[in-house]
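Asker: Following this line is protein11.cif, made up of mmCIF, C-alpha atoms:
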data_coords
#
loop_
_atom_site.label_atom_id
_atom_site.label_comp_id
_atom_site.auth_asym_id
_atom_site.auth_seq_id
_atom_site.Cartn_x
_atom_site.Cartn_y
_atom_site.Cartn_z
CA MET A 1 128.24 68.40 120.47
CA ALA A 2 126.76 70.45 117.64
CA GLU A 3 124.63 73.51 118.17
CA ASN A 4 122.74 74.98 115.22
CA GLY A 5 124.60 72.59 112.92
CA VAL A 6 128.06 73.87 113.97
CA GLU A 7 130.59 71.27 115.15
CA GLU A 8 132.99 71.86 118.07
CA ASN A 9 135.82 72.80 115.71
CA GLY A 10 133.74 75.65 114.24
CA LEU A 11 133.00 73.95 110.91
CA LEU A 12 129.60 73.27 109.50
CA PRO A 13 129.04 69.57 108.67
CA ALA A 14 129.24 70.37 104.94
CA GLU A 15 132.56 72.20 105.43
CA LYS A 16 133.91 69.29 107.46
CA LYS A 17 132.96 66.91 104.65
CA ARG A 18 134.63 69.23 102.10
CA LEU A 19 137.76 69.31 104.26
CA LYS A 20 137.93 65.52 104.16
CA THR A 21 137.57 65.43 100.37
CA THR A 22 140.29 68.04 99.80
CA SER A 23 142.73 65.96 101.81
CA SER A 24 142.04 62.94 99.62
CA SER A 25 144.17 62.17 96.60
CA SER A 26 141.50 63.20 94.10
CA SER A 27 142.88 66.17 92.16
CA GLU A 28 139.44 67.44 91.13
CA ASP A 29 138.62 68.32 94.76
CA VAL A 30 141.86 70.18 95.50
CA VAL A 31 141.38 73.92 95.88
CA ASP A 32 144.26 76.10 94.59
CA ARG A 33 144.00 79.12 96.86
CA ILE A 34 147.55 80.33 96.32
CA SER A 35 146.87 81.20 92.67
CA LYS A 36 143.89 83.30 93.69
CA LEU A 37 145.97 85.74 95.76
CA SER A 38 146.22 89.27 94.39
CA ASP A 39 149.47 90.44 92.79
CA GLU A 40 149.85 93.04 95.55
CA LEU A 41 149.63 90.37 98.27
CA ILE A 42 152.05 88.07 96.46
CA LEU A 43 154.52 90.94 96.06
CA HIS A 44 154.17 91.82 99.74
CA ILE A 45 154.95 88.21 100.67
CA LEU A 46 157.99 88.20 98.41
CA LEU A 47 159.24 91.51 99.84
CA VAL A 48 159.63 90.05 103.33
CA LEU A 49 161.42 86.91 102.12
CA PRO A 50 165.16 86.62 101.54
CA THR A 51 165.93 86.69 97.81
CA VAL A 52 166.81 82.98 97.77
CA ASP A 53 163.37 82.13 99.14
CA ALA A 54 161.58 84.64 96.92
CA VAL A 55 163.16 83.03 93.86
CA SER A 56 162.16 79.59 95.14
CA THR A 57 158.48 80.61 95.15
CA SER A 58 158.60 80.63 91.35
CA PHE A 59 158.04 76.87 91.57
CA LEU A 60 154.72 77.22 93.41
CA SER A 61 152.58 77.84 90.35
CA ASP A 62 152.66 79.35 86.87
CA ARG A 63 151.30 82.58 88.28
CA TRP A 64 154.17 82.91 90.77
CA LYS A 65 156.82 81.96 88.19
CA ARG A 66 157.92 85.50 87.37
CA MET A 67 156.62 87.42 90.37
CA TRP A 68 160.05 87.60 92.01
CA TYR A 69 161.15 89.80 89.11
CA LEU A 70 159.05 92.60 90.61
CA VAL A 71 160.82 92.56 93.99
CA PRO A 72 162.92 95.74 94.11
CA ASN A 73 165.32 94.53 96.82
CA LEU A 74 167.93 91.87 96.16
CA SER A 75 169.78 90.50 99.16
CA PHE A 76 172.26 87.63 99.14
CA SER A 77 174.12 86.29 102.14
CA ILE A 78 176.81 83.66 102.36
CA THR A 79 178.18 82.75 105.77
CA ALA A 80 181.23 80.71 106.62
CA SER A 81 179.22 78.27 108.72
CA ARG A 82 176.75 77.53 105.95
CA TYR A 83 179.17 77.35 103.03
CA ASN A 84 182.44 76.09 104.36
CA SER A 85 183.86 74.42 101.28
CA SER A 86 185.14 76.10 98.15
CA GLN A 87 182.69 74.02 96.11
CA ASP A 88 179.72 75.32 98.17
CA GLN A 89 180.93 78.88 97.70
CA GLU A 90 181.23 78.31 93.96
CA LYS A 91 177.65 76.99 93.83
CA PHE A 92 176.39 80.01 95.72
CA CYS A 93 178.30 82.41 93.46
CA ASN A 94 176.82 80.66 90.42
CA TYR A 95 173.37 80.96 91.99
CA ILE A 96 173.75 84.72 92.46
CA HIS A 97 175.11 85.07 88.93
CA ASN A 98 172.16 83.13 87.47
CA CYS A 99 169.63 85.16 89.48
CA LEU A 100 171.12 88.40 88.23
CA GLU A 101 171.19 87.17 84.63
CA HIS A 102 167.52 86.15 84.82
CA ARG A 103 166.65 89.47 86.44
CA LYS A 104 168.54 91.36 83.72
CA LYS A 105 166.53 89.58 81.01
CA ALA A 106 163.28 90.20 82.88
CA MET A 107 164.06 93.90 83.18
CA PHE A 108 164.53 94.09 79.45
CA TYR A 109 161.03 92.71 78.80
CA ASN A 110 159.25 94.19 81.81
CA ARG A 111 160.05 97.88 82.27
CA SER A 112 158.19 98.01 85.61
CA SER A 113 160.79 95.68 87.11
CA VAL A 114 163.29 97.87 88.97
CA ILE A 115 165.98 97.23 91.55
CA THR A 116 166.36 99.79 94.33
CA SER A 117 168.60 97.82 96.65
CA PHE A 118 171.35 95.23 96.21
CA LYS A 119 172.92 93.74 99.33
CA LEU A 120 175.67 91.18 99.40
CA GLN A 121 177.12 89.69 102.57
CA MET A 122 180.04 87.30 102.24
CA ASP A 123 181.74 86.15 105.43
CA CYS A 124 184.07 83.83 103.54
CA TYR A 125 185.29 85.74 100.52
CA GLU A 126 188.04 84.19 98.41
CA ARG A 127 190.06 86.20 95.92
CA THR A 128 189.36 83.53 93.33
CA LYS A 129 185.79 84.88 93.26
CA ASN A 130 186.85 88.36 92.08
CA HIS A 131 185.38 87.81 88.61
CA TYR A 132 181.96 87.20 90.19
CA LEU A 133 182.20 90.27 92.36
CA ASP A 134 183.13 92.38 89.32
CA LYS A 135 180.05 91.12 87.44
CA TRP A 136 177.72 91.71 90.39
CA LEU A 137 178.96 95.24 90.96
CA THR A 138 178.72 95.97 87.23
CA PHE A 139 175.12 94.73 87.33
CA ALA A 140 174.31 97.04 90.25
CA VAL A 141 175.91 100.04 88.56
CA GLU A 142 174.19 99.35 85.21
CA LYS A 143 170.81 99.12 86.96
CA LYS A 144 171.51 102.38 88.85
CA VAL A 145 171.07 100.74 92.22
#
Give the structure from the file, written as structure tokens.

Answerer:
Amino acid sequence: MAENGVEENGLLPAEKKRLKTTSSSSSEDVVDRISKLSDELILHILLVLPTVDAVSTSFLSDRWKRMWYLVPNLSFSITASRYNSSQDQEKFCNYIHNCLEHRKKAMFYNRSSVITSFKLQMDCYERTKNHYLDKWLTFAVEKKV
């Protein structure tokens, strides 16, 4: 039952109609609210996410593509239960290496991009990964973390 034009769900009839059109497949009615967020809010969101998830947000929109470069804290975690095979560990090590390489390039072009914290947790470390560890620690030292 509507009182003063407000439906039971709290929407005005025009808003309810708009809601139906945005859920349709027509791209002209889709509202992109995520791109309208302020840089400060986007950075705050990225700060509370694990680094892997923060990097993944770069696929949300063009505006978010390089926002993770501004996150000052890098944290990577690999657990034995999640990555039990040597191949999975190798993929994760490559992922960390690629993230750090991209971040290094971004820091060259964007001087406001700094790293204040670098955390690495590896429950299943193999000595064959020493070359990765050397590169990661060199990165942290070079960036004065």

Asker: Pick from A:Tyr95, A:Phe108, A:Phe139, A:Phe76: nearest to Gln121 in chain A, with all atoms listed in the file counted?

Answerer: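 Between A:Tyr95, A:Phe108, A:Phe139, A:Phe76, the residue approaching Gln121 in chain A most closely is A:Phe76.
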
Asker: Just how far from CA of Ser86 in chain A is CA of Lys135 in chain A, in Å to one decimal?

Answerer: 19.1 Å

Asker: Name every residue that the PyMOL selection byres ((chain A and resi 69) around 7) selects in this structure, writing the answer as a list in words with chains first and numbers rising.

Answerer: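 After applying the PyMOL selection byres ((chain A and resi 69) around 7), what remains is Arg66, Met67, Trp68, Leu70, Val71, Arg103, Ala106 and Ser113 of chain A.
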
Asker: Nearest residue to Ser85 in chain A out of A:Glu126, A:Glu142, A:Glu40, A:Asp134, using all atoms listed in the file?

Answerer: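 Of A:Glu126, A:Glu142, A:Glu40, A:Asp134, the one nearest Ser85 in chain A is A:Glu126, counting all atoms listed in the file.
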
Asker: Identify, on the basis of only C-alpha atoms, every residue whose closest approach to Asp62 in chain A does not exceed 12 Å; exclude the query and any residue fewer than 5 positions from it along the same chain; express the result as a short mmCIF file (atom, residue, chain, number, x, y, z; two decimals) with C-alpha atoms, keeping the file's coordinate frame.

Answerer:
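Listing of result11.cif after writing:
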data_model
loop_
_atom_site.label_atom_id
_atom_site.label_comp_id
_atom_site.auth_asym_id
_atom_site.auth_seq_id
_atom_site.Cartn_x
_atom_site.Cartn_y
_atom_site.Cartn_z
CA ASP A 32 144.26 76.10 94.59
CA ILE A 34 147.55 80.33 96.32
CA SER A 35 146.87 81.20 92.67
CA LYS A 36 143.89 83.30 93.69
CA THR A 57 158.48 80.61 95.15
CA MET A 67 156.62 87.42 90.37
#

Asker: Give me, please, the distance in Å between CA of Phe118 in chain A and CA of Ser56 in chain A, quoted to one decimal.

Answerer: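 Going from CA of Phe118 in chain A over to CA of Ser56 in chain A, I get 18.2 Å.
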
Asker: Between A:Arg33, A:Arg111, A:Lys104, A:His97, which residue has the minimum interatomic distance to Lys129 in chain A, considering only C-alpha atoms?

Answerer: A:His97

Asker: Contacts of Ser117 in chain A at 8 Å or less, counting all atoms listed in the file, minus same-chain residues fewer than 2 places along, as a PDB file with C-alpha atoms, in the frame of the given file?

Answerer:
ATOM      1  CA  PRO A  72     162.920  95.740  94.110  1.00  0.00           C
ATOM      2  CA  ASN A  73     165.320  94.530  96.820  1.00  0.00           C
ATOM      3  CA  LEU A  74     167.930  91.870  96.160  1.00  0.00           C
ATOM      4  CA  SER A  75     169.780  90.500  99.160  1.00  0.00           C
ATOM      5  CA  ILE A 115     165.980  97.230  91.550  1.00  0.00           C
ATOM      6  CA  LYS A 119     172.920  93.740  99.330  1.00  0.00           C
ATOM      7  CA  VAL A 145     171.070 100.740  92.220  1.00  0.00           C
TER       8      VAL A 145
END

Asker: Quick one: 8 Å padding each side, axis-aligned, all listed atoms of range 30-40 of chain A - centre and edge lengths in Å to one decimal, as AutoDock Vina command-line options?

Answerer:
--center_x 145.6 --center_y 81.6 --center_z 94.8 --size_x 24.5 --size_y 38.9 --size_z 20.2

Asker: For a quick check of understanding, using all atoms listed in the file, which of A:Met107, A:Arg63, A:Cys124, A:Val30 has the smallest distance to Asp88 in chain A?

Answerer: A:Cys124

Asker: So the first atom is CA of Leu46 in chain A and the second is CA of Gln87 in chain A; what is the distance between them in Å, to one decimal place?

Answerer: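 CA of Gln87 in chain A lies at a distance of 28.6 Å from CA of Leu46 in chain A.
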
Asker: Can you list, as a ChimeraX atom specification, every protein, DNA or RNA residue that comes within 9 Å of Tyr132 in chain A when you count all atoms listed in the file, leaving out same-chain residues fewer than 6 positions away?

Answerer: /A:93-94,96-97

Asker: Could you check the closest approach to Ile78 in chain A for each of A:Ala140, A:Leu37, A:Leu60, A:Val52 and tell me which residue wins, using all atoms listed in the file?

Answerer: A:Val52
